[in-house]
>>> print(open('upload-v4.cif').read())   # mmCIF, C-alpha atoms
data_start
#
loop_
_atom_site.group_PDB
_atom_site.id
_atom_site.type_symbol
_atom_site.label_atom_id
_atom_site.label_comp_id
_atom_site.auth_asym_id
_atom_site.auth_seq_id
_atom_site.Cartn_x
_atom_site.Cartn_y
_atom_site.Cartn_z
ATOM 1 C CA MET N 1 -1.393 20.981 -33.390
ATOM 2 C CA ARG N 2 -3.692 18.626 -31.440
ATOM 3 C CA GLU N 3 -2.218 16.959 -28.361
ATOM 4 C CA ARG N 4 -3.355 13.512 -29.480
ATOM 5 C CA GLU N 5 -1.631 13.951 -32.860
ATOM 6 C CA LEU N 6 1.648 14.651 -31.103
ATOM 7 C CA PHE N 7 1.153 11.609 -28.862
ATOM 8 C CA GLN N 8 0.429 9.405 -31.878
ATOM 9 C CA GLY N 9 3.572 10.697 -33.619
ATOM 10 C CA LEU N 10 5.650 9.953 -30.516
ATOM 11 C CA LEU N 11 4.223 6.412 -30.360
ATOM 12 C CA LYS N 12 5.121 5.808 -34.005
ATOM 13 C CA ALA N 13 8.660 7.135 -33.480
ATOM 14 C CA GLY N 14 9.077 5.018 -30.337
ATOM 15 C CA GLY N 15 7.736 1.963 -32.162
ATOM 16 C CA PHE N 16 10.194 2.389 -34.998
ATOM 17 C CA PHE N 17 13.057 2.800 -32.521
ATOM 18 C CA LEU N 18 12.082 -0.418 -30.667
ATOM 19 C CA LEU N 19 11.763 -2.299 -33.955
ATOM 20 C CA VAL N 20 15.293 -1.269 -34.936
ATOM 21 C CA LYS N 21 16.574 -2.163 -31.456
ATOM 22 C CA GLY N 22 14.954 -5.627 -31.614
ATOM 23 C CA VAL N 23 16.402 -6.360 -35.064
ATOM 24 C CA TYR N 24 19.810 -5.112 -33.904
ATOM 25 C CA LEU N 25 19.788 -7.376 -30.805
ATOM 26 C CA HIS N 26 18.728 -10.398 -32.872
ATOM 27 C CA SER N 27 21.549 -9.694 -35.352
ATOM 28 C CA LEU N 28 24.006 -9.359 -32.481
ATOM 29 C CA TRP N 29 23.023 -12.742 -31.012
ATOM 30 C CA ALA N 30 23.031 -14.344 -34.450
ATOM 31 C CA SER N 31 26.575 -13.083 -35.089
ATOM 32 C CA TYR N 32 27.668 -14.385 -31.643
ATOM 33 C CA ASN N 33 26.274 -17.775 -32.621
ATOM 34 C CA LEU N 34 28.113 -17.640 -35.909
ATOM 35 C CA VAL N 35 31.438 -16.714 -34.287
ATOM 36 C CA TYR N 36 31.194 -19.025 -31.270
ATOM 37 C CA GLN N 37 29.398 -21.786 -33.234
ATOM 38 C CA GLY N 38 26.555 -22.413 -30.822
ATOM 39 C CA TYR N 39 28.653 -22.074 -27.653
ATOM 40 C CA HIS N 40 26.384 -19.196 -26.576
ATOM 41 C CA SER N 41 22.663 -20.032 -26.635
ATOM 42 C CA HIS N 42 20.581 -17.538 -28.604
ATOM 43 C CA ASN N 43 18.651 -15.249 -26.216
ATOM 44 C CA TRP N 44 15.726 -14.778 -28.589
ATOM 45 C CA LEU N 45 12.815 -13.978 -26.256
ATOM 46 C CA ALA N 46 13.727 -10.467 -24.994
ATOM 47 C CA PRO N 47 14.693 -9.085 -28.470
ATOM 48 C CA SER N 48 11.495 -10.632 -29.887
ATOM 49 C CA VAL N 49 9.410 -8.884 -27.208
ATOM 50 C CA ILE N 50 11.159 -5.592 -28.070
ATOM 51 C CA MET N 51 10.404 -6.122 -31.780
ATOM 52 C CA LEU N 52 6.765 -7.040 -31.118
ATOM 53 C CA MET N 53 6.360 -4.012 -28.866
ATOM 54 C CA GLY N 54 7.844 -1.859 -31.657
ATOM 55 C CA ILE N 55 5.418 -3.295 -34.233
ATOM 56 C CA MET N 56 2.512 -2.872 -31.796
ATOM 57 C CA LEU N 57 3.369 0.796 -31.175
ATOM 58 C CA TRP N 58 3.964 1.531 -34.837
ATOM 59 C CA ALA N 59 0.953 -0.256 -36.312
ATOM 60 C CA GLY N 60 -1.372 0.275 -33.348
ATOM 61 C CA SER N 61 -0.587 3.935 -32.670
ATOM 62 C CA HIS N 62 -4.104 4.985 -33.720
ATOM 63 C CA PHE N 63 -5.780 2.435 -31.420
ATOM 64 C CA LEU N 64 -3.470 3.269 -28.498
ATOM 65 C CA THR N 65 -4.109 6.996 -28.946
ATOM 66 C CA ARG N 66 -7.869 6.348 -28.854
ATOM 67 C CA LEU N 67 -7.399 4.239 -25.734
ATOM 68 C CA ALA N 68 -5.278 6.944 -24.090
ATOM 69 C CA TYR N 69 -7.363 9.976 -25.021
ATOM 70 C CA GLY N 70 -10.900 8.749 -25.602
ATOM 71 C CA ASP N 71 -12.913 11.668 -26.991
ATOM 72 C CA TYR N 72 -10.504 14.369 -25.809
ATOM 73 C CA ASP N 73 -9.299 16.444 -28.759
ATOM 74 C CA GLY N 74 -7.683 19.533 -27.220
ATOM 75 C CA ALA N 75 -4.969 21.671 -28.764
ATOM 76 C CA TRP N 76 -1.344 21.378 -27.596
ATOM 77 C CA GLN N 77 -0.557 23.670 -24.654
ATOM 78 C CA LEU N 78 1.856 23.854 -21.741
ATOM 79 C CA SER N 79 -0.046 21.320 -19.605
ATOM 80 C CA SER N 80 0.219 18.821 -22.500
ATOM 81 C CA VAL N 81 3.910 18.285 -21.613
ATOM 82 C CA PHE N 82 2.900 16.714 -18.299
ATOM 83 C CA ARG N 83 -0.133 14.860 -19.677
ATOM 84 C CA ILE N 84 1.739 13.318 -22.629
ATOM 85 C CA GLY N 85 4.669 12.562 -20.324
ATOM 86 C CA ILE N 86 2.476 10.591 -17.902
ATOM 87 C CA LYS N 87 1.098 8.545 -20.819
ATOM 88 C CA MET N 88 4.613 7.905 -22.155
ATOM 89 C CA LEU N 89 5.682 6.919 -18.646
ATOM 90 C CA GLY N 90 2.827 4.393 -18.656
ATOM 91 C CA MET N 91 4.049 2.980 -21.990
ATOM 92 C CA TRP N 92 7.601 2.773 -20.625
ATOM 93 C CA LEU N 93 6.363 0.906 -17.523
ATOM 94 C CA ILE N 94 4.475 -1.603 -19.706
ATOM 95 C CA TYR N 95 7.548 -2.052 -21.927
ATOM 96 C CA ARG N 96 9.896 -2.570 -18.945
ATOM 97 C CA GLN N 97 7.578 -5.136 -17.336
ATOM 98 C CA LEU N 98 7.175 -7.113 -20.580
ATOM 99 C CA ILE N 99 10.982 -7.242 -20.889
ATOM 100 C CA MET N 100 11.155 -8.293 -17.237
ATOM 101 C CA LEU N 101 8.659 -11.118 -17.893
ATOM 102 C CA ALA N 102 10.724 -12.251 -20.893
ATOM 103 C CA SER N 103 13.908 -12.230 -18.775
ATOM 104 C CA VAL N 104 12.183 -14.216 -16.012
ATOM 105 C CA ALA N 105 10.958 -16.760 -18.576
ATOM 106 C CA GLU N 106 14.512 -17.086 -19.997
ATOM 107 C CA TYR N 107 15.894 -17.519 -16.487
ATOM 108 C CA ARG N 108 13.306 -20.151 -15.552
ATOM 109 C CA LYS N 109 14.073 -22.032 -18.767
ATOM 110 C CA MET N 110 17.783 -21.980 -17.926
ATOM 111 C CA ARG N 111 17.127 -23.106 -14.319
ATOM 112 C CA SER N 112 14.922 -25.959 -15.496
ATOM 113 C CA VAL N 113 17.991 -27.326 -17.308
ATOM 114 C CA THR N 114 20.334 -27.036 -14.298
ATOM 115 C CA ASP N 115 17.521 -28.119 -11.932
ATOM 116 C CA VAL N 116 19.046 -26.678 -8.718
ATOM 117 C CA ALA N 117 16.631 -24.566 -6.641
ATOM 118 C CA LEU N 118 17.665 -22.240 -3.826
ATOM 119 C CA PRO N 119 15.603 -22.301 -0.591
ATOM 120 C CA GLY N 120 12.638 -19.904 -0.784
ATOM 121 C CA GLU N 121 13.127 -19.341 -4.517
ATOM 122 C CA GLY N 122 9.523 -20.257 -5.344
ATOM 123 C CA THR N 123 7.936 -17.521 -3.213
ATOM 124 C CA TYR N 124 10.598 -15.064 -4.406
ATOM 125 C CA TRP N 125 9.509 -15.513 -8.017
ATOM 126 C CA VAL N 126 5.824 -15.325 -7.048
ATOM 127 C CA LEU N 127 6.493 -11.957 -5.354
ATOM 128 C CA GLN N 128 8.525 -10.678 -8.320
ATOM 129 C CA PHE N 129 5.718 -11.745 -10.644
ATOM 130 C CA ALA N 130 3.180 -9.928 -8.432
ATOM 131 C CA ILE N 131 5.299 -6.734 -8.653
ATOM 132 C CA VAL N 132 5.466 -7.069 -12.457
ATOM 133 C CA VAL N 133 1.670 -7.463 -12.700
ATOM 134 C CA ALA N 134 1.092 -4.507 -10.338
ATOM 135 C CA ALA N 135 3.538 -2.333 -12.341
ATOM 136 C CA LEU N 136 1.788 -3.371 -15.598
ATOM 137 C CA ALA N 137 -1.550 -2.285 -14.085
ATOM 138 C CA VAL N 138 -0.018 1.074 -13.050
ATOM 139 C CA GLY N 139 1.348 1.446 -16.598
ATOM 140 C CA VAL N 140 -2.080 0.890 -18.148
ATOM 141 C CA LEU N 141 -3.587 3.316 -15.610
ATOM 142 C CA PHE N 142 -1.007 5.998 -16.518
ATOM 143 C CA LEU N 143 -1.728 5.440 -20.221
ATOM 144 C CA CYS N 144 -5.490 5.781 -19.862
ATOM 145 C CA ILE N 145 -5.727 8.431 -17.141
ATOM 146 C CA GLN N 146 -7.362 11.685 -18.256
ATOM 147 C CA LEU N 147 -5.695 14.414 -16.193
ATOM 148 C CA GLN N 148 -7.566 17.699 -15.922
ATOM 149 C CA LEU N 149 -4.824 20.330 -15.698
ATOM 150 C CA LYS N 150 -4.917 24.090 -15.945
ATOM 151 C CA SER N 151 -3.546 25.262 -19.299
ATOM 152 C CA ASN N 152 -0.987 27.628 -17.730
ATOM 153 C CA ARG N 153 0.043 26.230 -14.382
ATOM 154 C CA GLY N 154 1.797 27.922 -11.486
ATOM 155 C CA GLY N 155 5.341 27.311 -10.300
ATOM 156 C CA VAL N 156 4.745 25.112 -7.254
ATOM 157 C CA MET H 1 3.088 34.453 -22.581
ATOM 158 C CA LEU H 2 4.791 31.042 -22.588
ATOM 159 C CA LYS H 3 8.474 31.130 -21.614
ATOM 160 C CA GLU H 4 11.266 28.563 -21.894
ATOM 161 C CA ARG H 5 11.435 28.420 -18.126
ATOM 162 C CA ASP H 6 7.751 27.321 -17.923
ATOM 163 C CA VAL H 7 8.347 24.445 -20.348
ATOM 164 C CA PHE H 8 11.461 23.386 -18.410
ATOM 165 C CA ARG H 9 9.473 23.480 -15.152
ATOM 166 C CA GLU H 10 6.810 21.166 -16.619
ATOM 167 C CA ILE H 11 9.475 18.718 -17.821
ATOM 168 C CA ILE H 12 11.094 18.719 -14.356
ATOM 169 C CA ARG H 13 7.684 18.040 -12.770
ATOM 170 C CA LEU H 14 7.234 15.123 -15.144
ATOM 171 C CA MET H 15 10.735 13.819 -14.398
ATOM 172 C CA GLY H 16 9.735 13.925 -10.735
ATOM 173 C CA VAL H 17 6.854 11.489 -11.351
ATOM 174 C CA ALA H 18 9.116 9.252 -13.462
ATOM 175 C CA LEU H 19 11.874 9.162 -10.819
ATOM 176 C CA LEU H 20 9.342 8.520 -8.058
ATOM 177 C CA VAL H 21 7.791 5.573 -9.934
ATOM 178 C CA TYR H 22 11.216 4.205 -10.909
ATOM 179 C CA GLY H 23 12.533 4.559 -7.350
ATOM 180 C CA LEU H 24 9.478 2.838 -5.815
ATOM 181 C CA LEU H 25 9.649 -0.016 -8.311
ATOM 182 C CA THR H 26 13.400 -0.493 -7.784
ATOM 183 C CA ILE H 27 13.213 -0.326 -3.982
ATOM 184 C CA LEU H 28 10.428 -2.932 -4.021
ATOM 185 C CA GLN H 29 12.410 -5.289 -6.265
ATOM 186 C CA SER H 30 15.712 -4.726 -4.400
ATOM 187 C CA GLY H 31 13.963 -5.134 -1.028
ATOM 188 C CA ILE H 32 12.509 -8.511 -2.003
ATOM 189 C CA SER H 33 15.844 -9.687 -3.462
ATOM 190 C CA LEU H 34 17.620 -8.686 -0.236
ATOM 191 C CA MET H 35 14.926 -10.353 1.883
ATOM 192 C CA TYR H 36 15.553 -13.682 0.157
ATOM 193 C CA PHE H 37 19.198 -13.552 -0.899
ATOM 194 C CA GLY H 38 20.623 -10.728 1.273
ATOM 195 C CA SER H 39 22.674 -12.960 3.574
ATOM 196 C CA SER H 40 25.697 -12.699 1.254
ATOM 197 C CA HIS H 41 25.860 -8.890 1.731
ATOM 198 C CA ASN H 42 27.137 -6.998 4.767
ATOM 199 C CA ASN H 43 25.155 -4.156 6.369
ATOM 200 C CA SER H 44 26.919 -1.298 4.562
ATOM 201 C CA SER H 45 26.341 -3.015 1.194
ATOM 202 C CA ILE H 46 22.638 -3.466 1.972
ATOM 203 C CA ALA H 47 22.418 0.222 2.909
ATOM 204 C CA LEU H 48 24.114 1.195 -0.369
ATOM 205 C CA ILE H 49 21.836 -1.092 -2.440
ATOM 206 C CA LEU H 50 18.757 0.545 -0.893
ATOM 207 C CA ALA H 51 20.244 4.061 -0.943
ATOM 208 C CA GLN H 52 20.168 4.355 -4.751
ATOM 209 C CA PRO H 53 16.379 3.943 -5.221
ATOM 210 C CA PHE H 54 15.806 5.949 -2.045
ATOM 211 C CA ILE H 55 17.759 8.877 -3.550
ATOM 212 C CA TYR H 56 15.680 8.560 -6.751
ATOM 213 C CA ILE H 57 12.490 8.738 -4.649
ATOM 214 C CA LEU H 58 13.708 11.824 -2.750
ATOM 215 C CA VAL H 59 14.853 13.600 -5.928
ATOM 216 C CA GLY H 60 11.560 12.605 -7.597
ATOM 217 C CA LEU H 61 9.566 14.128 -4.736
ATOM 218 C CA LEU H 62 11.674 17.298 -4.867
ATOM 219 C CA PHE H 63 11.160 17.614 -8.638
ATOM 220 C CA LEU H 64 7.431 16.885 -8.356
ATOM 221 C CA ILE H 65 6.624 19.182 -5.432
ATOM 222 C CA HIS H 66 9.054 22.052 -6.084
ATOM 223 C CA PRO H 67 9.831 22.186 -9.834
ATOM 224 C CA ALA H 68 9.983 25.977 -9.567
ATOM 225 C CA LEU H 69 13.056 25.708 -7.276
ATOM 226 C CA ILE H 70 14.937 23.689 -9.898
ATOM 227 C CA ALA H 71 13.775 26.066 -12.636
ATOM 228 C CA ALA H 72 14.973 29.046 -10.558
ATOM 229 C CA PHE H 73 18.384 27.377 -10.155
ATOM 230 C CA ALA H 74 18.578 26.557 -13.871
ATOM 231 C CA TYR H 75 17.474 30.033 -14.996
ATOM 232 C CA SER H 76 19.379 32.493 -12.836
ATOM 233 C CA ARG H 77 18.648 35.432 -15.163
ATOM 234 C CA GLU H 78 15.168 36.780 -15.835
ATOM 235 C CA GLN H 79 13.631 35.894 -19.226
ATOM 236 C CA THR H 80 11.485 38.184 -21.314
ATOM 237 C CA ALA H 81 11.506 36.336 -24.647
ATOM 238 C CA GLU H 82 8.639 34.031 -25.609
ATOM 239 C CA TRP H 83 9.107 30.266 -26.074
ATOM 240 C CA SER H 84 10.222 29.210 -29.575
ATOM 241 C CA SER H 85 11.573 26.039 -31.155
ATOM 242 C CA GLY H 86 15.100 27.501 -30.837
ATOM 243 C CA ASN H 87 14.848 26.987 -27.078
ATOM 244 C CA ILE H 88 14.701 23.192 -27.464
ATOM 245 C CA LEU H 89 18.508 22.959 -27.716
ATOM 246 C CA ILE H 90 19.022 24.966 -24.493
ATOM 247 C CA ILE H 91 16.463 22.837 -22.629
ATOM 248 C CA GLY H 92 18.222 19.756 -24.034
ATOM 249 C CA VAL H 93 21.569 20.960 -22.624
ATOM 250 C CA LYS H 94 19.948 21.512 -19.215
ATOM 251 C CA LEU H 95 18.261 18.086 -19.211
ATOM 252 C CA ALA H 96 21.550 16.456 -20.245
ATOM 253 C CA GLY H 97 23.084 18.181 -17.210
ATOM 254 C CA VAL H 98 20.364 16.743 -14.921
ATOM 255 C CA TRP H 99 20.959 13.288 -16.432
ATOM 256 C CA LEU H 100 24.743 13.566 -15.887
ATOM 257 C CA ILE H 101 24.218 14.464 -12.219
ATOM 258 C CA LEU H 102 21.637 11.734 -11.488
ATOM 259 C CA ALA H 103 23.425 8.995 -13.450
ATOM 260 C CA HIS H 104 26.720 9.702 -11.718
ATOM 261 C CA LEU H 105 25.188 9.813 -8.263
ATOM 262 C CA GLY H 106 23.762 6.345 -8.946
ATOM 263 C CA THR H 107 26.983 4.979 -10.448
ATOM 264 C CA PHE H 108 29.014 6.394 -7.571
ATOM 265 C CA LEU H 109 26.935 4.386 -5.050
ATOM 266 C CA GLN H 110 27.386 1.258 -7.162
ATOM 267 C CA HIS H 111 31.122 1.914 -7.447
ATOM 268 C CA LEU H 112 31.356 2.389 -3.652
ATOM 269 C CA ARG H 113 29.518 -0.903 -3.076
ATOM 270 C CA TYR H 114 31.849 -2.817 -5.398
ATOM 271 C CA TYR H 115 34.792 -1.220 -3.572
ATOM 272 C CA LEU H 116 33.450 -2.168 -0.097
ATOM 273 C CA GLU H 117 32.631 -5.720 -1.181
ATOM 274 C CA GLN H 118 36.038 -5.937 -2.924
ATOM 275 C CA ILE H 119 34.451 -7.015 -6.197
ATOM 276 C CA PRO H 120 37.156 -6.662 -8.882
ATOM 277 C CA MET H 121 34.838 -4.851 -11.309
ATOM 278 C CA LEU H 122 35.134 -1.328 -9.936
ATOM 279 C CA GLY H 123 32.466 0.481 -11.908
ATOM 280 C CA ARG H 124 32.308 2.713 -14.913
ATOM 281 C CA TYR H 125 35.755 4.341 -14.574
ATOM 282 C CA GLN H 126 37.730 1.227 -13.698
ATOM 283 C CA VAL H 127 39.684 1.630 -16.919
ATOM 284 C CA LEU H 128 41.045 4.943 -15.642
ATOM 285 C CA THR H 129 41.709 4.176 -12.003
ATOM 286 C CA ASN H 130 41.807 1.489 -9.337
ATOM 287 C CA SER H 131 41.741 4.032 -6.529
ATOM 288 C CA ILE H 132 38.382 4.984 -5.024
ATOM 289 C CA TRP H 133 39.593 8.566 -4.350
ATOM 290 C CA THR H 134 40.556 9.182 -7.972
ATOM 291 C CA ALA H 135 37.155 7.779 -8.969
ATOM 292 C CA ILE H 136 35.432 10.134 -6.475
ATOM 293 C CA ALA H 137 37.349 13.070 -7.995
ATOM 294 C CA ILE H 138 36.121 12.023 -11.476
ATOM 295 C CA TYR H 139 32.515 11.734 -10.235
ATOM 296 C CA ILE H 140 32.668 15.168 -8.547
ATOM 297 C CA LEU H 141 34.146 16.703 -11.703
ATOM 298 C CA ILE H 142 31.385 15.240 -13.890
ATOM 299 C CA ILE H 143 28.664 16.329 -11.430
ATOM 300 C CA ILE H 144 30.106 19.882 -11.549
ATOM 301 C CA VAL H 145 29.988 19.733 -15.371
ATOM 302 C CA GLY H 146 26.334 18.652 -15.015
ATOM 303 C CA MET H 147 25.633 21.646 -12.760
ATOM 304 C CA VAL H 148 27.244 24.013 -15.286
ATOM 305 C CA MET H 149 25.126 22.510 -18.077
ATOM 306 C CA LEU H 150 22.004 22.866 -15.920
ATOM 307 C CA ARG H 151 22.703 26.579 -15.435
ATOM 308 C CA TYR H 152 23.646 27.135 -19.094
ATOM 309 C CA GLN H 153 21.865 30.247 -20.317
ATOM 310 C CA PRO H 154 23.356 31.924 -23.393
ATOM 311 C CA LYS H 155 23.310 35.726 -23.507
ATOM 312 C CA GLY H 156 20.941 35.857 -26.480
ATOM 313 C CA ASN H 157 18.344 33.963 -24.446
ATOM 314 C CA ARG H 158 17.817 36.914 -22.080
ATOM 315 C CA GLU H 159 15.779 39.041 -24.460
#
>>> encode(input="upload-v4.cif", output="C-alpha cells")
Amino acid sequence: MRERELFQGLLKAGGFFLLVKGVYLHSLWASYNLVYQGYHSHNWLAPSVIMLMGIMLWAGSHFLTRLAYGDYDGAWQLSSVFRIGIKMLGMWLIYRQLIMLASVAEYRKMRSVTDVALPGEGTYWVLQFAIVVAALAVGVLFLCIQLQLKSNRGGV
Amino acid sequence: MLKERDVFREIIRLMGVALLVYGLLTILQSGISLMYFGSSHNNSSIALILAQPFIYILVGLLFLIHPALIAAFAYSREQTAEWSSGNILIIGVKLAGVWLILAHLGTFLQHLRYYLEQIPMLGRYQVLTNSIWTAIAIYILIIIVGMVMLRYQPKGNRE
C-alpha cells in the first residue's frame, strides 16, 4: 500500500464522519427549536462549518493529498505512522480553528444584540484572532511538510 | 523485523507532538483570557487553570523525546513475533489506557478548581459524590485501570 493512498482514505473517512456530525448537530438544534418553539436561537454556524469541512475532506481528498504529498509516492512503512500523523494533526488544527472562528462569530453576533462591552474586550478578541490565524498557519504547515524520516527508526 | 512495540513507540511519539501543540495552544489562549478577565479568580485557581495545559506540554515532551521509555513500560515482556493486523486491538487497549490516564488527570484539575472556587458543578463524577476525597479515590482508581490497560500484554503476544 502507498502512504498517500492511506492518507487519502483517512481523509475520506474523516470527511464522512464530520458530515454526519454536522447533520446530527443541525437536527439536534432543529428539534430544540421545535420543542421550545423558538425560545432557543438556532446555532447554525458551527454545525455548518463542520458539514462544509466534511464535504471538503470527502470531495477534495485527492486535491488535499496532492497538496500534502506533492510528488512523493513511497510505500507504507513504520515512519509513515509519524508522517501521516503530523499531517492529520495539521488537519485537526485547521478544523479546530475554523470551529473557533465560527464560535467567535456567533458570540460577536450575540454581543452585538446585547451591546454591552467589557473593558479591554476589543484587544482581547484581536489577540484571540491572531492566535487562531497563527494556529491555522501551523496547521497548513503540518499538512504540507515533507518529513524525511528513516524507514526503521531507533527508540529515542 | 517490525514489531508491535515499534508501532506503539511511533504512535506515542506522534501523541507527544499532538499534546505539545495542544498544550501550547491552550496555554496561550488561557493566558490571554486570564490576562484580561483573570481578576475574578484567586491565585490557586489561576495556577490550576494554567497547570492543565502545562501538564499536557510536559507529557508531550516526554512522549516526543523518550517514546522508548513509555514503550518499555507498556511492553514489560520481550517480543519475538512480527507485527500483524491482530496487534491493532492490543495497541488500541494500550492507547485507551493512555487516554484514560490523561483525560482523568485533566478532569481532576478541573474538578479541584470547581471545588476551590465553590462552583456547584463539581465535575464529571458529581452524580456519584459531593465529597472531593471520594472523587479523588474515583480518579485514582480510574488512573490505575488506565495503567493496567497500558501494560496489557496477553500471553499469546509473547511469541
>>> closest_residue(input="upload-v4.cif", among="N:Ile131, N:Cys144, N:Leu136, N:Tyr95", to="Ser30 in chain H", atoms="all atoms listed in the file")
N:Ile131
>>> atom_distance(input="upload-v4.cif", atom1="CA of Lys21 in chain N", atom2="CA of Ile55 in chain N")
11.6 Å
>>> resolve_selection(input="upload-v4.cif", expression="the PyMOL selection byres ((chain N) within 12 of (chain H))", output="short mmCIF file (atom, residue, chain, number, x, y, z; two decimals) with C-alpha atoms, in the coordinates of the input")
data_model
loop_
_atom_site.label_atom_id
_atom_site.label_comp_id
_atom_site.auth_asym_id
_atom_site.auth_seq_id
_atom_site.Cartn_x
_atom_site.Cartn_y
_atom_site.Cartn_z
CA GLN N 77 -0.56 23.67 -24.65
CA LEU N 78 1.86 23.85 -21.74
CA SER N 79 -0.05 21.32 -19.60
CA SER N 80 0.22 18.82 -22.50
CA VAL N 81 3.91 18.28 -21.61
CA PHE N 82 2.90 16.71 -18.30
CA ARG N 83 -0.13 14.86 -19.68
CA ILE N 84 1.74 13.32 -22.63
CA GLY N 85 4.67 12.56 -20.32
CA ILE N 86 2.48 10.59 -17.90
CA LYS N 87 1.10 8.54 -20.82
CA MET N 88 4.61 7.90 -22.16
CA LEU N 89 5.68 6.92 -18.65
CA GLY N 90 2.83 4.39 -18.66
CA MET N 91 4.05 2.98 -21.99
CA TRP N 92 7.60 2.77 -20.62
CA LEU N 93 6.36 0.91 -17.52
CA ARG N 96 9.90 -2.57 -18.94
CA GLN N 97 7.58 -5.14 -17.34
CA MET N 100 11.16 -8.29 -17.24
CA LEU N 118 17.66 -22.24 -3.83
CA PRO N 119 15.60 -22.30 -0.59
CA GLY N 120 12.64 -19.90 -0.78
CA GLU N 121 13.13 -19.34 -4.52
CA GLY N 122 9.52 -20.26 -5.34
CA THR N 123 7.94 -17.52 -3.21
CA TYR N 124 10.60 -15.06 -4.41
CA TRP N 125 9.51 -15.51 -8.02
CA VAL N 126 5.82 -15.32 -7.05
CA LEU N 127 6.49 -11.96 -5.35
CA GLN N 128 8.52 -10.68 -8.32
CA PHE N 129 5.72 -11.74 -10.64
CA ALA N 130 3.18 -9.93 -8.43
CA ILE N 131 5.30 -6.73 -8.65
CA VAL N 132 5.47 -7.07 -12.46
CA VAL N 133 1.67 -7.46 -12.70
CA ALA N 134 1.09 -4.51 -10.34
CA ALA N 135 3.54 -2.33 -12.34
CA LEU N 136 1.79 -3.37 -15.60
CA VAL N 138 -0.02 1.07 -13.05
CA GLY N 139 1.35 1.45 -16.60
CA PHE N 142 -1.01 6.00 -16.52
CA LEU N 149 -4.82 20.33 -15.70
CA SER N 151 -3.55 25.26 -19.30
CA ASN N 152 -0.99 27.63 -17.73
CA ARG N 153 0.04 26.23 -14.38
CA GLY N 154 1.80 27.92 -11.49
CA GLY N 155 5.34 27.31 -10.30
CA VAL N 156 4.74 25.11 -7.25
#
>>> atom_distance(input="upload-v4.cif", atom1="CA of Ile145 in chain N", atom2="CA of Asp71 in chain N")
12.6 Å
>>> closest_residue(input="upload-v4.cif", among="N:Tyr107, N:Trp76, N:Trp44, N:Trp58", to="Glu5 in chain N", atoms="only C-alpha atoms")
N:Trp76
>>> resolve_selection(input="upload-v4.cif", expression="the PyMOL selection byres ((chain H and resi 152) around 10)", output="list in words")
Ala74, Tyr75, Ser76, Ile90, Ile91, Val93, Lys94, Gly97, Gly146, Met147, Val148, Met149, Leu150, Arg151, Gln153, Pro154 and Lys155 of chain H
>>> atom_distance(input="upload-v4.cif", atom1="CA of Gly60 in chain N", atom2="CA of Asn43 in chain N")
26.3 Å
>>> axis_aligned_box(input="upload-v4.cif", around="range 136-144 of chain N", padding_each_side="4 Å", output="JSON")
{"center_x": -1.9, "center_y": 1.3, "center_z": -16.6, "size_x": 15.3, "size_y": 17.4, "size_z": 15.2}
>>> resolve_selection(input="upload-v4.cif", expression="the PyMOL selection byres ((chain H and resi 115) around 12)", output="tab-separated table (two decimals) with C-alpha atoms, keeping the file's coordinate frame")
chain	number	residue	atom	x	y	z
H	44	SER	CA	26.92	-1.30	4.56
H	45	SER	CA	26.34	-3.02	1.19
H	48	LEU	CA	24.11	1.20	-0.37
H	108	PHE	CA	29.01	6.39	-7.57
H	109	LEU	CA	26.94	4.39	-5.05
H	110	GLN	CA	27.39	1.26	-7.16
H	111	HIS	CA	31.12	1.91	-7.45
H	112	LEU	CA	31.36	2.39	-3.65
H	113	ARG	CA	29.52	-0.90	-3.08
H	114	TYR	CA	31.85	-2.82	-5.40
H	116	LEU	CA	33.45	-2.17	-0.10
H	117	GLU	CA	32.63	-5.72	-1.18
H	118	GLN	CA	36.04	-5.94	-2.92
H	119	ILE	CA	34.45	-7.02	-6.20
H	120	PRO	CA	37.16	-6.66	-8.88
H	121	MET	CA	34.84	-4.85	-11.31
H	122	LEU	CA	35.13	-1.33	-9.94
H	123	GLY	CA	32.47	0.48	-11.91
H	126	GLN	CA	37.73	1.23	-13.70
H	130	ASN	CA	41.81	1.49	-9.34
H	131	SER	CA	41.74	4.03	-6.53
H	132	ILE	CA	38.38	4.98	-5.02
H	133	TRP	CA	39.59	8.57	-4.35
H	135	ALA	CA	37.16	7.78	-8.97
H	136	ILE	CA	35.43	10.13	-6.48
>>> residues_near_point(input="upload-v4.cif", point="(19.0, 3.3, -7.4)", cutoff="9 Å", atoms="only C-alpha atoms", output="tab-separated table (two decimals) with C-alpha atoms, in the coordinates of the input")
chain	number	residue	atom	x	y	z
H	22	TYR	CA	11.22	4.20	-10.91
H	23	GLY	CA	12.53	4.56	-7.35
H	26	THR	CA	13.40	-0.49	-7.78
H	27	ILE	CA	13.21	-0.33	-3.98
H	48	LEU	CA	24.11	1.20	-0.37
H	49	ILE	CA	21.84	-1.09	-2.44
H	50	LEU	CA	18.76	0.55	-0.89
H	51	ALA	CA	20.24	4.06	-0.94
H	52	GLN	CA	20.17	4.36	-4.75
H	53	PRO	CA	16.38	3.94	-5.22
H	54	PHE	CA	15.81	5.95	-2.04
H	55	ILE	CA	17.76	8.88	-3.55
H	56	TYR	CA	15.68	8.56	-6.75
H	57	ILE	CA	12.49	8.74	-4.65
H	106	GLY	CA	23.76	6.34	-8.95
H	107	THR	CA	26.98	4.98	-10.45
H	109	LEU	CA	26.94	4.39	-5.05
H	110	GLN	CA	27.39	1.26	-7.16
>>> residues_near_point(input="upload-v4.cif", point="(9.4, 1.9, -31.7)", cutoff="9 Å", atoms="all atoms listed in the file", output="JSON, numbers by chain")
{"N": [10, 11, 12, 13, 14, 15, 16, 17, 18, 19, 20, 21, 50, 51, 53, 54, 55, 56, 57, 58]}
>>> closest_residue(input="upload-v4.cif", among="N:Ala75, N:Ala68, N:Leu45, N:Val35", to="Arg2 in chain N", atoms="only C-alpha atoms")
N:Ala75
